[in-house]
>>> print(open('start_26.cif').read())   # mmCIF, C-alpha atoms (C1' of nucleotides)
data_entry
loop_
_atom_site.label_atom_id
_atom_site.label_comp_id
_atom_site.auth_asym_id
_atom_site.auth_seq_id
_atom_site.Cartn_x
_atom_site.Cartn_y
_atom_site.Cartn_z
CA MET A 9 -23.70 31.90 -13.83
CA PRO A 10 -20.50 32.73 -15.69
CA THR A 11 -17.49 31.65 -13.75
CA LEU A 12 -14.27 33.61 -13.73
CA TRP A 13 -12.91 31.22 -16.34
CA ASP A 14 -15.76 31.97 -18.68
CA LYS A 15 -15.28 35.72 -18.36
CA THR A 16 -11.56 35.37 -18.97
CA ARG A 17 -12.17 33.22 -22.00
CA ALA A 18 -14.66 35.70 -23.44
CA LEU A 19 -12.23 38.55 -22.85
CA VAL A 20 -9.30 36.78 -24.46
CA HIS A 21 -11.52 35.80 -27.38
CA SER A 22 -12.59 39.35 -28.10
CA GLN A 23 -9.11 40.77 -27.56
CA VAL A 24 -7.55 38.34 -29.98
CA THR A 25 -10.34 38.97 -32.49
CA ASP A 26 -9.70 42.71 -32.35
CA VAL A 27 -5.98 42.41 -32.82
CA ALA A 28 -6.34 39.87 -35.62
CA LEU A 29 -8.89 41.95 -37.52
CA ASP A 30 -6.60 44.96 -37.33
CA LEU A 31 -3.92 42.89 -38.99
CA PHE A 32 -6.25 41.37 -41.57
CA LEU A 33 -7.67 44.74 -42.58
CA ALA A 34 -4.24 46.32 -42.70
CA GLN A 35 -2.33 43.72 -44.69
CA GLY A 36 -4.89 41.18 -45.91
CA PHE A 37 -6.14 37.87 -44.59
CA GLU A 38 -3.89 35.50 -46.46
CA GLU A 39 -0.86 37.71 -45.96
CA THR A 40 -1.27 37.50 -42.19
CA THR A 41 0.04 34.38 -40.47
CA ILE A 42 -1.23 32.90 -37.24
CA ASP A 43 2.20 33.50 -35.77
CA GLN A 44 1.83 37.23 -36.35
CA VAL A 45 -1.57 37.21 -34.71
CA VAL A 46 -0.48 35.31 -31.62
CA ALA A 47 2.63 37.44 -31.29
CA SER A 48 0.56 40.65 -31.40
CA ALA A 49 -2.06 39.23 -29.07
CA GLY A 50 0.39 37.84 -26.55
CA ILE A 51 -1.03 34.34 -26.55
CA SER A 52 0.56 31.05 -27.46
CA ARG A 53 -0.01 29.48 -30.82
CA ARG A 54 -1.41 26.38 -29.17
CA SER A 55 -3.91 28.32 -27.12
CA PHE A 56 -5.01 30.27 -30.15
CA PHE A 57 -6.22 27.09 -31.79
CA ARG A 58 -8.22 26.30 -28.68
CA TYR A 59 -10.10 29.57 -29.02
CA PHE A 60 -10.48 29.50 -32.78
CA GLY A 61 -10.59 26.16 -34.51
CA THR A 62 -9.44 27.73 -37.75
CA LYS A 63 -8.01 31.00 -38.95
CA GLU A 64 -11.26 31.76 -40.76
CA ASP A 65 -13.23 31.44 -37.52
CA ILE A 66 -11.70 34.67 -36.27
CA VAL A 67 -13.77 36.46 -38.88
CA LEU A 68 -16.72 34.09 -39.27
CA GLY A 69 -16.92 32.49 -35.86
CA ASP A 70 -20.37 33.73 -34.92
CA ALA A 71 -21.93 32.39 -38.11
CA ASP A 72 -22.22 29.00 -36.44
CA THR A 73 -24.59 30.20 -33.77
CA LEU A 74 -26.65 32.14 -36.30
CA GLY A 75 -27.94 29.01 -38.05
CA PRO A 76 -30.03 27.61 -35.19
CA LEU A 77 -31.15 31.16 -34.34
CA PHE A 78 -32.37 31.62 -37.89
CA ALA A 79 -34.25 28.30 -37.76
CA GLU A 80 -35.81 29.28 -34.46
CA ALA A 81 -36.88 32.67 -35.77
CA LEU A 82 -38.42 31.00 -38.81
CA ALA A 83 -40.33 28.54 -36.65
CA ALA A 84 -41.66 31.49 -34.65
CA ARG A 85 -43.20 33.25 -37.66
CA PRO A 86 -46.99 33.02 -37.94
CA SER A 87 -48.01 30.10 -40.10
CA ASP A 88 -50.13 32.13 -42.51
CA GLU A 89 -47.10 33.98 -43.89
CA ASP A 90 -45.83 32.69 -47.20
CA PRO A 91 -42.33 31.15 -47.09
CA TRP A 92 -40.56 34.18 -48.55
CA THR A 93 -42.01 36.70 -46.16
CA ALA A 94 -41.43 34.36 -43.26
CA LEU A 95 -37.79 33.91 -44.27
CA GLU A 96 -37.31 37.65 -44.77
CA ARG A 97 -38.84 38.54 -41.40
CA ALA A 98 -36.89 35.78 -39.68
CA ALA A 99 -33.67 37.04 -41.24
CA SER A 100 -34.30 40.59 -40.14
CA ALA A 101 -34.92 39.37 -36.60
CA LEU A 102 -31.38 38.02 -36.38
CA PRO A 103 -28.85 39.89 -34.26
CA SER A 104 -26.81 42.15 -36.50
CA SER A 105 -23.05 41.95 -36.83
CA ARG A 106 -21.07 41.85 -33.61
CA PHE A 107 -18.77 44.43 -35.15
CA PRO A 108 -19.20 48.22 -35.09
CA GLU A 109 -20.82 49.66 -38.22
CA ASP A 110 -17.66 50.96 -39.86
CA ARG A 111 -15.84 47.67 -39.42
CA ALA A 112 -18.79 45.61 -40.61
CA PHE A 113 -18.41 46.89 -44.13
CA ALA A 114 -14.67 46.37 -44.27
CA ILE A 115 -15.10 42.85 -42.94
CA ALA A 116 -17.85 42.00 -45.43
CA LYS A 117 -15.56 43.20 -48.18
CA LEU A 118 -12.74 41.09 -46.77
CA VAL A 119 -14.95 38.02 -46.73
CA PHE A 120 -16.15 38.52 -50.28
CA THR A 121 -12.71 39.11 -51.70
CA THR A 122 -10.79 36.38 -49.87
CA PRO A 123 -11.36 32.94 -51.41
CA SER A 124 -10.84 30.91 -48.26
CA LEU A 125 -13.12 33.17 -46.26
CA ARG A 126 -15.81 33.05 -48.88
CA ALA A 127 -15.52 29.29 -49.02
CA ARG A 128 -15.94 28.97 -45.30
CA HIS A 129 -18.81 31.43 -45.41
CA ALA A 130 -20.50 29.17 -47.95
CA GLN A 131 -20.01 26.21 -45.67
CA LYS A 132 -21.81 28.02 -42.89
CA HIS A 133 -24.65 28.85 -45.24
CA ALA A 134 -24.90 25.16 -46.08
CA ALA A 135 -25.24 24.47 -42.37
CA TRP A 136 -27.99 27.10 -42.10
CA GLN A 137 -29.72 25.40 -44.97
CA ARG A 138 -29.66 22.05 -43.20
CA ALA A 139 -31.25 23.73 -40.19
CA LEU A 140 -33.84 25.73 -42.13
CA VAL A 141 -35.14 23.18 -44.62
CA PRO A 142 -36.88 20.91 -42.09
CA VAL A 143 -38.54 23.91 -40.45
CA LEU A 144 -39.81 25.27 -43.74
CA GLN A 145 -40.88 21.80 -44.79
CA ARG A 146 -43.01 21.40 -41.69
CA ARG A 147 -44.48 24.85 -42.28
CA MET A 148 -45.32 23.94 -45.88
CA GLY A 149 -47.00 20.76 -44.76
CA THR A 150 -44.67 18.52 -46.73
CA ALA A 151 -43.87 15.03 -45.54
CA ASP A 152 -40.44 14.45 -44.02
CA GLY A 153 -37.55 13.32 -46.17
CA PRO A 154 -35.73 15.18 -48.93
CA ASP A 155 -38.00 17.70 -50.64
CA ILE A 156 -36.89 19.69 -53.63
CA ARG A 157 -39.39 22.47 -53.07
CA ALA A 158 -38.37 23.43 -49.53
CA THR A 159 -34.70 22.88 -50.34
CA ALA A 160 -34.89 25.12 -53.40
CA ILE A 161 -36.69 27.92 -51.57
CA VAL A 162 -34.23 27.96 -48.69
CA ALA A 163 -31.26 27.73 -51.04
CA ALA A 164 -32.64 30.57 -53.15
CA ALA A 165 -33.33 32.74 -50.11
CA LEU A 166 -29.78 32.24 -48.87
CA ALA A 167 -28.52 32.97 -52.38
CA CYS A 168 -30.45 36.25 -52.26
CA LEU A 169 -28.80 37.05 -48.97
CA ASP A 170 -25.42 36.51 -50.59
CA ALA A 171 -26.34 38.41 -53.73
CA ALA A 172 -27.52 41.33 -51.62
CA ARG A 173 -24.34 41.26 -49.57
CA GLU A 174 -22.26 41.13 -52.72
CA VAL A 175 -23.98 44.11 -54.33
CA TRP A 176 -23.89 45.89 -51.00
CA VAL A 177 -20.11 45.49 -50.96
CA ALA A 178 -19.75 46.34 -54.65
CA THR A 179 -21.66 49.58 -54.25
CA GLY A 180 -19.68 50.65 -51.22
CA GLY A 181 -22.45 50.06 -48.72
CA THR A 182 -24.54 52.98 -49.94
CA THR A 183 -27.86 51.14 -50.32
CA PRO A 184 -29.14 49.70 -47.03
CA PHE A 185 -28.76 45.95 -46.91
CA PRO A 186 -32.35 44.91 -46.07
CA ALA A 187 -33.62 46.88 -49.05
CA LEU A 188 -31.20 45.04 -51.32
CA TYR A 189 -32.35 41.70 -49.96
CA HIS A 190 -35.96 42.65 -50.55
CA GLU A 191 -35.16 43.68 -54.10
CA ALA A 192 -33.31 40.45 -54.69
CA VAL A 193 -36.28 38.35 -53.62
CA ALA A 194 -38.60 40.51 -55.69
CA ALA A 195 -36.36 40.05 -58.72
CA ILE A 196 -36.43 36.26 -58.68
CA ARG A 197 -40.21 36.23 -58.22
CA ASP A 198 -41.00 38.82 -60.91
CA MET B 23 -2.35 20.12 -83.36
CA PRO B 24 -1.68 18.28 -80.14
CA THR B 25 2.00 17.56 -79.72
CA LEU B 26 3.26 14.35 -78.16
CA TRP B 27 3.72 16.22 -74.90
CA ASP B 28 0.14 17.32 -74.82
CA LYS B 29 -1.06 13.78 -75.33
CA THR B 30 1.26 12.53 -72.61
CA ARG B 31 0.04 15.20 -70.26
CA ALA B 32 -3.59 14.34 -70.93
CA LEU B 33 -2.89 10.67 -70.42
CA VAL B 34 -1.06 11.18 -67.15
CA HIS B 35 -3.83 13.50 -65.99
CA SER B 36 -6.57 10.96 -66.59
CA GLN B 37 -4.54 8.08 -65.19
CA VAL B 38 -3.84 9.92 -61.96
CA THR B 39 -7.48 11.00 -61.74
CA ASP B 40 -8.63 7.41 -62.05
CA VAL B 41 -6.27 6.10 -59.42
CA ALA B 42 -7.04 8.94 -57.04
CA LEU B 43 -10.81 8.55 -57.37
CA ASP B 44 -10.51 4.86 -56.62
CA LEU B 45 -8.75 5.74 -53.41
CA PHE B 46 -11.18 8.55 -52.52
CA LEU B 47 -14.24 6.37 -53.08
CA ALA B 48 -12.72 3.47 -51.21
CA GLN B 49 -11.45 5.23 -48.10
CA GLY B 50 -12.76 8.79 -48.24
CA PHE B 51 -11.33 12.05 -49.52
CA GLU B 52 -9.88 13.44 -46.32
CA GLU B 53 -8.53 10.06 -45.27
CA THR B 54 -6.48 9.83 -48.47
CA THR B 55 -3.19 11.71 -48.57
CA ILE B 56 -1.46 13.05 -51.63
CA ASP B 57 1.45 10.77 -50.87
CA GLN B 58 -0.81 7.75 -51.20
CA VAL B 59 -2.11 9.01 -54.51
CA VAL B 60 1.28 9.70 -56.03
CA ALA B 61 2.63 6.38 -54.77
CA SER B 62 -0.26 4.50 -56.40
CA ALA B 63 0.00 6.54 -59.58
CA GLY B 64 3.76 6.28 -59.92
CA ILE B 65 4.35 9.99 -60.20
CA SER B 66 6.37 12.33 -58.04
CA ARG B 67 4.70 14.52 -55.46
CA ARG B 68 6.10 17.59 -57.14
CA SER B 69 4.78 16.67 -60.55
CA PHE B 70 1.38 15.90 -59.09
CA PHE B 71 1.01 19.53 -58.03
CA ARG B 72 1.85 20.62 -61.53
CA TYR B 73 -1.06 18.62 -62.90
CA PHE B 74 -3.51 19.46 -60.13
CA GLY B 75 -3.11 22.73 -58.33
CA THR B 76 -4.94 21.37 -55.31
CA LYS B 77 -6.16 18.03 -54.02
CA GLU B 78 -9.75 19.10 -54.64
CA ASP B 79 -9.01 19.74 -58.30
CA ILE B 80 -8.69 16.01 -58.89
CA VAL B 81 -12.43 15.80 -58.33
CA LEU B 82 -13.56 19.26 -59.40
CA GLY B 83 -10.96 20.21 -61.96
CA ASP B 84 -13.28 20.52 -64.94
CA ALA B 85 -15.61 22.92 -63.13
CA ASP B 86 -13.30 25.77 -64.08
CA THR B 87 -13.84 25.37 -67.78
CA LEU B 88 -17.58 25.00 -67.34
CA GLY B 89 -18.08 28.60 -66.23
CA PRO B 90 -17.15 30.33 -69.50
CA LEU B 91 -18.99 27.58 -71.40
CA PHE B 92 -22.12 28.30 -69.41
CA ALA B 93 -21.80 32.02 -70.08
CA GLU B 94 -21.32 31.35 -73.77
CA ALA B 95 -24.34 29.04 -73.90
CA LEU B 96 -26.42 31.70 -72.16
CA ALA B 97 -25.32 34.37 -74.60
CA ALA B 98 -26.34 32.07 -77.45
CA ARG B 99 -29.94 31.70 -76.24
CA PRO B 100 -32.55 33.66 -78.25
CA SER B 101 -33.18 37.02 -76.66
CA ASP B 102 -36.94 36.55 -76.36
CA GLU B 103 -36.56 33.80 -73.76
CA ASP B 104 -37.09 34.87 -70.18
CA PRO B 105 -34.00 34.65 -67.97
CA TRP B 106 -35.05 31.42 -66.24
CA THR B 107 -35.73 29.48 -69.39
CA ALA B 108 -32.56 30.80 -70.96
CA LEU B 109 -30.54 29.71 -67.93
CA GLU B 110 -32.19 26.30 -67.86
CA ARG B 111 -31.62 25.67 -71.56
CA ALA B 112 -28.05 26.93 -71.32
CA ALA B 113 -27.39 24.63 -68.37
CA SER B 114 -28.76 21.61 -70.19
CA ALA B 115 -26.52 22.40 -73.15
CA LEU B 116 -23.41 21.95 -71.01
CA PRO B 117 -21.30 18.83 -71.45
CA SER B 118 -22.26 16.29 -68.83
CA SER B 119 -19.86 14.84 -66.32
CA ARG B 120 -16.59 13.49 -67.69
CA PHE B 121 -17.11 10.44 -65.50
CA PRO B 122 -19.05 7.28 -66.42
CA GLU B 123 -22.63 7.24 -65.15
CA ASP B 124 -22.06 4.95 -62.18
CA ARG B 125 -19.14 6.95 -60.92
CA ALA B 126 -20.88 10.27 -61.40
CA PHE B 127 -23.30 9.55 -58.60
CA ALA B 128 -20.65 8.34 -56.17
CA ILE B 129 -18.59 11.42 -56.92
CA ALA B 130 -21.50 13.80 -56.47
CA LYS B 131 -22.14 12.17 -53.12
CA LEU B 132 -18.48 12.53 -52.23
CA VAL B 133 -18.56 16.22 -53.09
CA PHE B 134 -21.68 16.90 -51.08
CA THR B 135 -20.50 15.05 -48.01
CA THR B 136 -16.91 16.31 -47.89
CA PRO B 137 -16.66 19.85 -46.46
CA SER B 138 -13.52 20.89 -48.31
CA LEU B 139 -14.88 19.59 -51.62
CA ARG B 140 -18.17 21.32 -51.11
CA ALA B 141 -16.39 24.53 -50.24
CA ARG B 142 -14.32 24.41 -53.39
CA HIS B 143 -17.39 23.55 -55.39
CA ALA B 144 -19.03 26.69 -54.02
CA GLN B 145 -16.00 28.72 -55.07
CA LYS B 146 -16.38 27.48 -58.62
CA HIS B 147 -20.04 28.42 -58.58
CA ALA B 148 -19.06 31.89 -57.48
CA ALA B 149 -16.78 32.07 -60.51
CA TRP B 150 -19.63 30.94 -62.75
CA GLN B 151 -21.73 33.68 -61.24
CA ARG B 152 -19.15 36.32 -62.08
CA ALA B 153 -19.17 35.09 -65.66
CA LEU B 154 -22.95 34.80 -65.98
CA VAL B 155 -24.15 38.04 -64.37
CA PRO B 156 -22.80 40.41 -67.05
CA VAL B 157 -24.29 38.25 -69.81
CA LEU B 158 -27.71 38.16 -68.17
CA GLN B 159 -27.47 41.84 -67.41
CA ARG B 160 -26.89 42.67 -71.06
CA ARG B 161 -29.78 40.39 -72.04
CA MET B 162 -32.05 42.13 -69.53
CA GLY B 163 -31.08 45.51 -70.91
CA THR B 164 -29.69 46.75 -67.61
CA ALA B 165 -26.88 49.26 -67.51
CA ASP B 166 -23.43 48.01 -66.60
CA GLY B 167 -22.27 48.04 -63.01
CA PRO B 168 -23.51 46.02 -60.05
CA ASP B 169 -27.17 45.09 -60.45
CA ILE B 170 -29.08 43.31 -57.74
CA ARG B 171 -31.67 41.89 -60.11
CA ALA B 172 -29.33 40.02 -62.44
CA THR B 173 -27.11 38.99 -59.54
CA ALA B 174 -30.06 37.60 -57.60
CA ILE B 175 -31.43 35.65 -60.55
CA VAL B 176 -28.10 34.05 -61.37
CA ALA B 177 -27.39 33.28 -57.72
CA ALA B 178 -30.84 31.74 -57.32
CA ALA B 179 -30.48 29.66 -60.48
CA LEU B 180 -27.14 28.31 -59.27
CA ALA B 181 -28.69 27.67 -55.88
CA CYS B 182 -31.38 25.64 -57.65
CA LEU B 183 -28.69 23.62 -59.37
CA ASP B 184 -27.14 22.87 -56.00
CA ALA B 185 -30.48 22.12 -54.39
CA ALA B 186 -31.33 19.74 -57.20
CA ARG B 187 -27.95 18.05 -56.94
CA GLU B 188 -28.38 17.73 -53.19
CA VAL B 189 -31.81 16.14 -53.42
CA TRP B 190 -30.57 13.99 -56.27
CA VAL B 191 -27.85 12.65 -54.00
CA ALA B 192 -30.17 12.34 -51.00
CA THR B 193 -32.66 10.27 -52.98
CA GLY B 194 -30.01 7.96 -54.37
CA GLY B 195 -30.14 9.33 -57.90
CA THR B 196 -33.56 7.91 -58.64
CA THR B 197 -35.20 11.06 -60.02
CA PRO B 198 -33.44 12.39 -63.14
CA PHE B 199 -31.44 15.50 -62.41
CA PRO B 200 -32.87 17.90 -65.03
CA ALA B 201 -36.38 17.20 -63.74
CA LEU B 202 -35.28 18.09 -60.22
CA TYR B 203 -33.75 21.33 -61.44
CA HIS B 204 -36.94 22.20 -63.28
CA GLU B 205 -38.99 21.52 -60.16
CA ALA B 206 -36.62 23.62 -58.07
CA VAL B 207 -37.02 26.62 -60.36
CA ALA B 208 -40.78 26.10 -60.45
CA ALA B 209 -40.88 25.98 -56.64
CA ILE B 210 -39.20 29.33 -56.13
CA ARG B 211 -41.42 30.99 -58.73
CA ASP B 212 -44.69 29.47 -57.45
"C1'" DC C 17 -5.03 26.00 6.02
"C1'" DG C 18 -3.61 22.37 2.99
"C1'" DC C 19 -4.77 19.29 -0.49
"C1'" DC C 20 -6.77 17.45 -4.51
"C1'" DA C 21 -9.45 17.60 -9.06
"C1'" DG C 22 -10.12 19.62 -13.26
"C1'" DG C 23 -9.63 23.01 -16.64
"C1'" DC C 24 -6.29 26.13 -18.88
"C1'" DT C 25 -1.75 27.25 -20.76
"C1'" DG C 26 2.33 26.92 -23.50
"C1'" DG C 27 5.83 24.25 -25.74
"C1'" DC C 28 7.25 20.46 -28.71
"C1'" DA C 29 7.01 17.43 -32.32
"C1'" DC C 30 4.44 15.95 -36.03
"C1'" DT C 31 1.18 15.62 -40.18
"C1'" DC C 32 -0.48 17.35 -44.41
"C1'" DG C 33 -1.23 20.45 -48.32
"C1'" DG C 34 1.27 23.41 -51.13
"C1'" DT C 35 5.48 26.22 -53.22
"C1'" DG C 36 10.27 27.78 -54.80
"C1'" DC C 37 14.32 26.25 -56.55
"C1'" DC C 38 17.53 23.49 -59.05
"C1'" DA C 39 19.81 19.91 -61.56
"C1'" DA C 40 18.85 16.21 -64.87
"C1'" DC C 41 16.23 14.95 -68.86
"C1'" DC C 42 13.60 14.62 -72.98
"C1'" DT C 43 11.45 16.44 -77.30
"C1'" DG C 44 11.61 19.08 -81.46
"C1'" DG C 45 13.76 22.29 -84.75
"C1'" DC C 46 17.93 24.10 -87.10
"C1'" DG D 11 24.69 16.93 -83.46
"C1'" DC D 12 23.55 20.74 -80.90
"C1'" DC D 13 20.66 24.10 -78.69
"C1'" DA D 14 16.12 25.99 -76.63
"C1'" DG D 15 12.29 25.21 -73.99
"C1'" DG D 16 9.26 22.49 -71.49
"C1'" DT D 17 9.26 18.45 -68.03
"C1'" DT D 18 10.51 15.76 -64.18
"C1'" DG D 19 11.66 14.63 -59.51
"C1'" DG D 20 14.01 15.69 -55.36
"C1'" DC D 21 14.89 18.85 -51.60
"C1'" DA D 22 14.03 22.26 -48.45
"C1'" DC D 23 10.73 25.11 -46.81
"C1'" DC D 24 6.23 27.39 -45.22
"C1'" DG D 25 1.69 27.72 -42.92
"C1'" DA D 26 -2.37 25.59 -40.87
"C1'" DG D 27 -3.81 22.41 -37.67
"C1'" DT D 28 -3.38 18.35 -33.99
"C1'" DG D 29 -1.76 15.11 -30.18
"C1'" DC D 30 0.67 14.96 -26.17
"C1'" DC D 31 2.58 16.39 -21.92
"C1'" DA D 32 4.18 19.02 -18.13
"C1'" DG D 33 3.15 23.02 -15.34
"C1'" DC D 34 -0.14 26.21 -13.50
"C1'" DC D 35 -4.13 28.31 -11.67
"C1'" DT D 36 -8.90 28.11 -9.83
"C1'" DG D 37 -12.30 26.35 -6.88
"C1'" DG D 38 -14.15 22.92 -3.68
"C1'" DC D 39 -13.57 19.96 0.41
"C1'" DG D 40 -11.97 18.21 4.70
#
>>> encode(input="start_26.cif", output="structure tokens")
Amino acid sequence: MPTLWDKTRALVHSQVTDVALDLFLAQGFEETTIDQVVASAGISRRSFFRYFGTKEDIVLGDADTLGPLFAEALAARPSDEDPWTALERAASALPSSRFPEDRAFAIAKLVFTTPSLRARHAQKHAAWQRALVPVLQRRMGTADGPDIRATAIVAAALACLDAAREVWVATGGTTPFPALYHEAVAAIRD
Amino acid sequence: MPTLWDKTRALVHSQVTDVALDLFLAQGFEETTIDQVVASAGISRRSFFRYFGTKEDIVLGDADTLGPLFAEALAARPSDEDPWTALERAASALPSSRFPEDRAFAIAKLVFTTPSLRARHAQKHAAWQRALVPVLQRRMGTADGPDIRATAIVAAALACLDAAREVWVATGGTTPFPALYHEAVAAIRD
DNA sequence: CGCCAGGCTGGCACTCGGTGCCAACCTGGC
DNA sequence: GCCAGGTTGGCACCGAGTGCCAGCCTGGCG
């Protein structure tokens, strides 16, 4: 059961996130300092870094938890699905953004136009990859150990996710994201 | 013609790179401070940052120039090649690592095991992507503007490069790299 | 009720990467 | 021999992130 501490922590976390995102969207990520954030949020600098390990984690914090979830969803797919369908279905089973629809687009744009955010986003994808490859490898019946086939498929699928997100941002969010992802996978498989 | 200054600059650059890589390989990238590097290299801290914009650029500096080269090599491929072959041939036409063979492996390993280096490496790949997509798009006869197909193919090809590099590192460099890349592309296309 | 343990907070000082600025210097051309 | 322009190193500074410590608040126990 969540203790009072836990609830307080969760509340502070979401409050600070809200305030910080307002600032980021208004004046840019790099142009906003931690000091501004903590001043607006009414929290001490030191405590801030206990809630968010890095500045980027304000925006990308939940990406950490998504990796294992993705791996789990992939493991749960029926074993007669080919890798690509399994990955696509697993991806669509993930919880969508924790942000309201209108903010989600602005945040995606922020991530894709801010170097440090994009870099950290890539790091998280690398972590997903480490979680997904063994699962896919088992599903493909490959022996353990480094396997180029499983690694390439997972890397390519994640690349499609990024490509879809990028085009989604570039086109102003008009085309629905899952359709773009599907098209991306179709494109690399002819 | 290269003036005396240019030659001096190039010399200093390579000297500092050598010294720094020795330190990185001996005690790790994050465990080595800029102050240690400049002390060992006999250069001032301030001048160091004029040669290398960031610490990561000591290791990944040449990746910047490789992007346009890649795009140029792709544009030079005969137009009857399919995108994947064209990309593969273009990639193999790129100048190989500026480091001697034995160091190249150690450095690749360093890059793939150091978060900040891997992040910066991903940023450079993103830059390559921006350079490659328009070229591929023209070759595929697509109209200008964001196109999911070209974007996905380039992103997937770069992902294959990374996957190949990763497996190459994981297997101790035994399998030749181009073969791994070829296998990676084959794997995602069945 | 009082007390103690353990987690949370905020402040301070510090490290490290990176930048702006400036005075001193060196190279090359007139 | 002098002047212009690029170079160097030193200094002060900024922003992100960490270790440490003292004070506080919560919850459990006698």
>>> closest_residue(input="start_26.cif", among="B:Lys131, B:Arg160, B:Arg140, B:His147", to="chain A", atoms="only C-alpha atoms")
B:Arg140
>>> resolve_selection(input="start_26.cif", expression="the PyMOL selection byres ((chain A) within 9 of (chain C))", output="PyMOL selection string")
chain A and resi 13+51-55
>>> resolve_selection(input="start_26.cif", expression="the PyMOL selection byres ((chain D) within 10 of (chain A))", output="ChimeraX atom specification")
/D:25-28,36
>>> resolve_selection(input="start_26.cif", expression="the PyMOL selection byres ((chain A) within 7 of (chain B))", output="tab-separated table (two decimals) with C-alpha atoms, keeping the file's coordinate frame")
chain	number	residue	atom	x	y	z
A	127	ALA	CA	-15.52	29.29	-49.02
A	128	ARG	CA	-15.94	28.97	-45.30
A	130	ALA	CA	-20.50	29.17	-47.95
A	131	GLN	CA	-20.01	26.21	-45.67
A	154	PRO	CA	-35.73	15.18	-48.93
A	155	ASP	CA	-38.00	17.70	-50.64
A	156	ILE	CA	-36.89	19.69	-53.63
A	157	ARG	CA	-39.39	22.47	-53.07
A	159	THR	CA	-34.70	22.88	-50.34
A	160	ALA	CA	-34.89	25.12	-53.40
A	161	ILE	CA	-36.69	27.92	-51.57
A	163	ALA	CA	-31.26	27.73	-51.04
A	164	ALA	CA	-32.64	30.57	-53.15
A	167	ALA	CA	-28.52	32.97	-52.38
A	168	CYS	CA	-30.45	36.25	-52.26
A	171	ALA	CA	-26.34	38.41	-53.73
A	172	ALA	CA	-27.52	41.33	-51.62
A	175	VAL	CA	-23.98	44.11	-54.33
A	178	ALA	CA	-19.75	46.34	-54.65
A	188	LEU	CA	-31.20	45.04	-51.32
A	192	ALA	CA	-33.31	40.45	-54.69
A	195	ALA	CA	-36.36	40.05	-58.72
A	196	ILE	CA	-36.43	36.26	-58.68
A	197	ARG	CA	-40.21	36.23	-58.22
>>> closest_residue(input="start_26.cif", among="B:Asp166, B:Asp102, B:Asp79, B:Asp28", to="DG16 (chain D)", atoms="all atoms listed in the file")
B:Asp28
>>> atom_distance(input="start_26.cif", atom1="CA of Pro142 (chain A)", atom2="CA of Ser105 (chain A)")
25.7 Å
>>> atom_distance(input="start_26.cif", atom1="CA of Gln44 (chain A)", atom2="CA of Thr73 (chain A)")
27.5 Å
>>> atom_distance(input="start_26.cif", atom1="CA of Pro100 (chain B)", atom2="CA of Ala153 (chain B)")
18.4 Å
>>> decode(input="start_26.cif", residues="chain D", atoms="C-alpha atoms (C1' of nucleotides)", output="PDB file, in the first residue's frame")
ATOM      1  C1'  DG D  11      60.092  47.375 -39.487  1.00  0.00           C
ATOM      2  C1'  DC D  12      55.404  47.678 -38.895  1.00  0.00           C
ATOM      3  C1'  DC D  13      50.647  46.311 -39.059  1.00  0.00           C
ATOM      4  C1'  DA D  14      46.606  42.855 -39.449  1.00  0.00           C
ATOM      5  C1'  DG D  15      44.755  38.704 -38.193  1.00  0.00           C
ATOM      6  C1'  DG D  16      44.841  34.381 -36.140  1.00  0.00           C
ATOM      7  C1'  DT D  17      46.639  31.942 -31.770  1.00  0.00           C
ATOM      8  C1'  DT D  18      47.570  31.149 -27.067  1.00  0.00           C
ATOM      9  C1'  DG D  19      46.820  30.834 -22.193  1.00  0.00           C
ATOM     10  C1'  DG D  20      44.902  32.660 -18.090  1.00  0.00           C
ATOM     11  C1'  DC D  21      40.915  34.219 -15.527  1.00  0.00           C
ATOM     12  C1'  DA D  22      36.391  34.487 -14.180  1.00  0.00           C
ATOM     13  C1'  DC D  23      32.170  32.628 -14.820  1.00  0.00           C
ATOM     14  C1'  DC D  24      28.036  29.463 -15.734  1.00  0.00           C
ATOM     15  C1'  DG D  25      25.171  25.258 -15.394  1.00  0.00           C
ATOM     16  C1'  DA D  26      24.618  20.388 -14.294  1.00  0.00           C
ATOM     17  C1'  DG D  27      25.322  17.131 -10.931  1.00  0.00           C
ATOM     18  C1'  DT D  28      27.189  15.021  -6.207  1.00  0.00           C
ATOM     19  C1'  DG D  29      28.721  14.302  -1.229  1.00  0.00           C
ATOM     20  C1'  DC D  30      27.885  15.663   3.177  1.00  0.00           C
ATOM     21  C1'  DC D  31      25.472  17.257   7.102  1.00  0.00           C
ATOM     22  C1'  DA D  32      22.159  19.202  10.112  1.00  0.00           C
ATOM     23  C1'  DG D  33      17.254  19.648  10.890  1.00  0.00           C
ATOM     24  C1'  DC D  34      12.667  17.912  10.310  1.00  0.00           C
ATOM     25  C1'  DC D  35       8.735  15.080   9.850  1.00  0.00           C
ATOM     26  C1'  DT D  36       6.446  10.508   9.884  1.00  0.00           C
ATOM     27  C1'  DG D  37       5.406   6.223  11.882  1.00  0.00           C
ATOM     28  C1'  DG D  38       6.181   2.493  15.180  1.00  0.00           C
ATOM     29  C1'  DC D  39       6.995   0.948  19.949  1.00  0.00           C
ATOM     30  C1'  DG D  40       7.084   0.813  24.858  1.00  0.00           C
TER      31       DG D  40
END
